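A.B. asks: Handing you this structure, nothing more for now.
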Amino acid sequence: MYKGLIVNKKLVVLAVASALGVAACGGDAELSGGTTNNSYEEYIQESLKSPTQVDFQLAGAGSNVPGPSFILMNQTDGTLDIPTGGNNALSNPAAAMGTMDGWSVSMPMILSFKGAGLADGFATTGINIVKLTEGLTSENPSVERVLQLGVDFNVLTSADSDTAVVIFTQPLEASSEYAFAITNAFTDANGDAVGMTSSYATLISQTNPTVVDSLKPASAVTQGINTIFSALGVQPEDIVYSSWFSTQSVGDTLYATKGAIATGADAGNFNAVWKGSANPNNVDMSQAYLMSVPASGQDYAAAIQADSNFATYIDPNGTATPLLVGSYAANTVTVTKGTVKLPYFLEKGASTWNSTPFESGMPSLAIISNALGDSSEAGTVTQQLVEAGIDVSKLTDDTTEQLKLVGLTLENSAGAQLDSERIITRYSPVPQVKSLDDVPFILFTPTTPTGALELVIYQHGITSAKENAYAFAANLINGAQGVGKNLAVLAIDQPIHGERSLDATRSANVDPTNYLNLTYLPVGRDNLRQSVLDNVGLRASVTISQASGLFANTPLATLGDTTATNPSLFGHSLGGITGFGTVATANNTLSDDDTDNSDADALFKFSRIAAANTGGQIVNLLIASGSFGQLISDTVTAGVPDAEKESVLNQFAYAAQTVLDTVDPFNLVGLEDYTDTNVLNGLPIYMQQVKDDDTVPNSVATAPFAGTVPLATVLSLTVVDSASQTTSNGRNFTKFSDVGEHSSVIAPQKEDLSDAGHTAEMQGQLVQFLSGVAEDFTVSNASVLE
């Protein structure tokens, strides 16, 4: 019934060594075949005399490789290989970047120079960028697209830092290959052409080639890059620096885990998927993705007054409860609490919960491929693969064979584990399960439904809890019945929130950095992954439980067939960030031209998504946030001299966003499925924004992809504001005035209730959208719009 896939991506394994530190105690001269610059071609000699040069040095105390570059990638497992200064702990942002299978798709390129310096301003020529069909280690790479300066990217130069920052107008494509070249048309502060360093001369010279064996592959690749640019009319003699780089995968772990869930559902046994090394704690997965729903619930008024979680996490002062009860229409909404069994892929131990990211449940395809290409290892590894029933000839491009790697442990010829680190990448995307949790849920249903129920899965914001649904769920349900629909609202806590806090102190409700995790960036990334996979899993659990008859004689007994009437999702703030990740993952079809997985697709699919005060490019969003920016800055720059704080924060932002790019909603909503169409094309989408939101900024001047507006823009939503209330095609973005607050959509936030009109209009539009009674909604009160 349900067939699963791992990620059907072409395997790319680097065949060049990291050159950094090859002659760490020496200088550039040691990398060259000659003893003087006079051994180089005349054009190289002239370039070496330039007063300003690209800061590229392969050896010595000033070693520097301008990224992104193939030179800074690991040849064995395809991850970034950033110099760490000997500190390989994941608390080091450089080491954290080393867990990624490519460079950032959303952050700028930062190219450094040395010498006379650069001027402040924008460069108009001298930097060329292309997208390649394949990497430079393949047999026949060609140019797929030429990026245009001033259209696809801009180049901002700085006199203070002597850097050229390449800012893209759209994110780069994930799991893709790019090359760039800087030419002598790029000038310094004095208008002089920039030049190359001896390190670069060593890589491109024909008369004085490098004698260092480990650099010869890098030399061949660099000359190959310049040949490609030559075909585009860029003369190799004009190039002063060039490189090739691979971008990281986006959403591959989410998609692969979804495929694993589908495979387990098809087999009727999740133990058949999470086995062996994929299940190091021997977790019994036989009950995974099943819900336990009580036969009856409580009336809303009684439930909220008795709910200790609401009192603890939402209303500690006890002021909101009587207001909500007082405004509630008696005997209209039933509240039910139950549990759903969901896998937890993170650690909970006192010493590991905030320092150990996801670990792969399978050996890396990149590492296996590398071993198969090594004559001393190929026989040993091949034998083990064959014994596991794997067709080695199909392993790199057949997902059926790849799935057999989950749970497998391979050894090298010395008897050591072949892939002991188990880093999550596109080549090893399925995570180990660490526990199977009884995750509490709260369910709101009409007390007297007049027809089949339609489900809304709700996801709350950071430092909140699922119980904040009390503040709006009754209004949503009663409003929907007013337009002839019967909505039910189902919510679980985000990881490390509410009832899922690990204890009284290890809770995001106490400290948001327990979830954001600014110290161990890969764990912060995987907290987001866990959030998305929880909601993907919850969505699947609804259909699996319904098909198993678990909703009979419960408040969900009248729930419509969720494979036909798919649930919708509503996320607020962080809940929108993880919500867009959830829907992009869930609606990214498992079917392709060769395989019909329509049953599996129906297991996950959402019908629509609503999101309030949310946004993309998470790191820059948070740094610009009035609520979280100072906390992040103070944490990251603690103990740093004032003159260095900005530089340190910028370096952190680059590393952190590189790590988070793979789960960032701005990137996930741009994914394409196997039919080469955007995953969310045609899906009804509704977004809200409050002007000048202090928590999630509308936009960020220094980061064009950060905030709410860029996310709505990349989704091509129609803006609804005071100037235009015309909606279009069920894909709209309502801008509310600054009288509203970040959480006004949940309930009025101001003591004088001056934002009550905002709350009413926000919830009214939500009712219309989530009910799906029409493609678009009608604005009732335009005075609250921006």
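Naming scheme: A, B, ... for chains in displayed order of the structure tokens; residues 1 onward per chain; ligands 1 onward as shown.
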Compile the contact shell of Gly126 in chain A as a VMD selection string: residues with an atom at most 12 Å away, counting only C-alpha atoms, same-chain residues fewer than 2 positions apart removed.
C.D. replies: chain A and resid 122 to 124 128 to 129 148 to 149 154 to 155 164 166 180 to 188 193 to 195 234 to 235 238 to 242
A.B. asks: Near Ala540 in chain A, counting only C-alpha atoms, which residues have an atom at most 9 Å away, once you skip same-chain residues fewer than 2 positions from it, shown as a list in words?
C.D. replies: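 Non-adjacent residues within range: Ile261, Ala262, Tyr289, Leu290, Asn535, Val536, Gly537, Leu538, Val542, Thr543, Ile544, Ser545, Ala602, Leu603, Phe604 and Lys605 of chain A.
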A.B. asks: Could you write out, as a ChimeraX atom specification, all the residues of range 189-428 of chain A that DSSP marks as alpha helix (DSSP H)?
C.D. replies: /A:198-204,216-231,252-267,300-306,308-309,320-327,365-372,378-387,399-403
A.B. asks: Find, counting only C-alpha atoms, the residue in A:Pro567, A:Gly338, A:Pro357, A:Gly117 that gets nearest to Ser91 in chain A.
C.D. replies: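 Residue with the minimum atom-to-atom distance to Ser91 in chain A: A:Pro357.
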A.B. asks: Write out as an MDAnalysis selection string each polymer residue whose atoms come within 7 Å of range 177-179 of chain A, counting only C-alpha atoms; drop sequence neighbours fewer than 6 positions from it.
C.D. replies: chainID A and resid 129:135 225 243:247
A.B. asks: What is the CA of Phe666 in chain A to CA of Gln617 in chain A distance in Å?
C.D. replies: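 Calculated distance between CA of Phe666 in chain A and CA of Gln617 in chain A is 6.1 Å.
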A.B. asks: Write out as an MDAnalysis selection string the residues lying within 8 Å of Asn527 in chain A, counting only C-alpha atoms and excluding same-chain residues fewer than 2 positions away.
C.D. replies: chainID A and resid 346 495 515:516 523:525 529:531
A.B. asks: Go ahead and dump the residues you just picked, C-alpha atoms, as a PDB file, in the first residue's frame.
C.D. replies:
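part-v2.pdb, freshly written:
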ATOM      1  CA  LEU A 346      17.567  13.363  19.457  1.00  0.00           C
ATOM      2  CA  PRO A 495      10.173  19.600  21.077  1.00  0.00           C
ATOM      3  CA  TYR A 515      15.594  25.002  21.539  1.00  0.00           C
ATOM      4  CA  LEU A 516      17.525  27.477  19.380  1.00  0.00           C
ATOM      5  CA  VAL A 523      21.515  20.459  17.443  1.00  0.00           C
ATOM      6  CA  GLY A 524      19.573  23.687  16.907  1.00  0.00           C
ATOM      7  CA  ARG A 525      19.110  22.636  13.282  1.00  0.00           C
ATOM      8  CA  ARG A 529      14.070  18.900  11.970  1.00  0.00           C
ATOM      9  CA  GLN A 530      12.434  17.101  14.896  1.00  0.00           C
ATOM     10  CA  SER A 531       9.611  19.666  14.896  1.00  0.00           C
TER      11      SER A 531
END
A.B. asks: Find the residue from A:Thr718, A:Gln689, A:Ser364, A:Thr312 that sits nearest to Val745 in chain A; use only C-alpha atoms when measuring.
C.D. replies: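 Answer, going by the shortest atom-to-atom distance: A:Gln689.
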A.B. asks: Enumerate, as an MDAnalysis selection string, the complete set of residues in range 539-631 of chain A that a backbone-based DSSP assignment places in strand (DSSP E).
C.D. replies: chainID A and resid 568:572 608:612
A.B. asks: Can you pull out the residues contacting Val583 in chain A? Cut-off 8 Å, using only C-alpha atoms, and skip same-chain residues under 2 positions away; I want them as a list of chain:residue names.
C.D. replies: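 Answer for this query is A:Val536, A:Leu569, A:Gly579, A:Phe580, A:Gly581, A:Thr585, A:Ala586, A:Asn587, A:Lys605, A:Phe606, A:Ile609.
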A.B. asks: Name the residues in contact with Leu323 in chain A at a cut-off of 10 Å, using only C-alpha atoms, excluding same-chain residues fewer than 5 positions from it; report them as a PyMOL selection string.
C.D. replies: chain A and resi 318+328+471
A.B. asks: With N, CA and C atoms retained, write the just-selected residues as a PDB file, in the first residue's frame.
C.D. replies:
ATOM      1  N   GLY A 318      -3.333  33.802  35.797  1.00  0.00           N
ATOM      2  CA  GLY A 318      -4.734  33.435  35.943  1.00  0.00           C
ATOM      3  C   GLY A 318      -5.720  34.467  35.433  1.00  0.00           C
ATOM      4  N   TYR A 328     -16.951  32.419  25.983  1.00  0.00           N
ATOM      5  CA  TYR A 328     -17.225  31.131  25.342  1.00  0.00           C
ATOM      6  C   TYR A 328     -18.724  30.860  25.259  1.00  0.00           C
ATOM      7  N   ALA A 471      -6.966  29.733  23.281  1.00  0.00           N
ATOM      8  CA  ALA A 471      -7.272  31.145  23.070  1.00  0.00           C
ATOM      9  C   ALA A 471      -8.007  31.408  21.762  1.00  0.00           C
TER      10      ALA A 471
END
A.B. asks: Using only C-alpha atoms, which residues sit within 8 Å of Lys485 in chain A once same-chain residues fewer than 3 positions away are excluded, as a PyMOL selection string?
C.D. replies: chain A and resi 451+453-454+480-482+771+773
A.B. asks: Could you turn the residues from that selection into a file that holds C-alpha atoms, as a PDB file, in the first residue's frame?
C.D. replies:
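The resulting file, result.pdb, is shown below:
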ATOM      1  CA  GLY A 451     -21.392  16.784   9.365  1.00  0.00           C
ATOM      2  CA  LEU A 453     -15.107  16.828  10.640  1.00  0.00           C
ATOM      3  CA  GLU A 454     -12.194  18.396   8.791  1.00  0.00           C
ATOM      4  CA  ALA A 480     -16.494  27.530  10.882  1.00  0.00           C
ATOM      5  CA  GLN A 481     -19.844  26.077  11.874  1.00  0.00           C
ATOM      6  CA  GLY A 482     -21.300  29.469  11.049  1.00  0.00           C
ATOM      7  CA  SER A 771     -12.956  26.172   6.110  1.00  0.00           C
ATOM      8  CA  VAL A 773     -15.820  27.297   1.598  1.00  0.00           C
TER       9      VAL A 773
END
A.B. asks: From the list A:Ala557, A:Ala330, A:Val510, A:Val283, which residue is nearest Gln432 in chain A when using only C-alpha atoms?
C.D. replies: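 When distances to Gln432 in chain A are compared using only C-alpha atoms, the smallest one comes from A:Val283.
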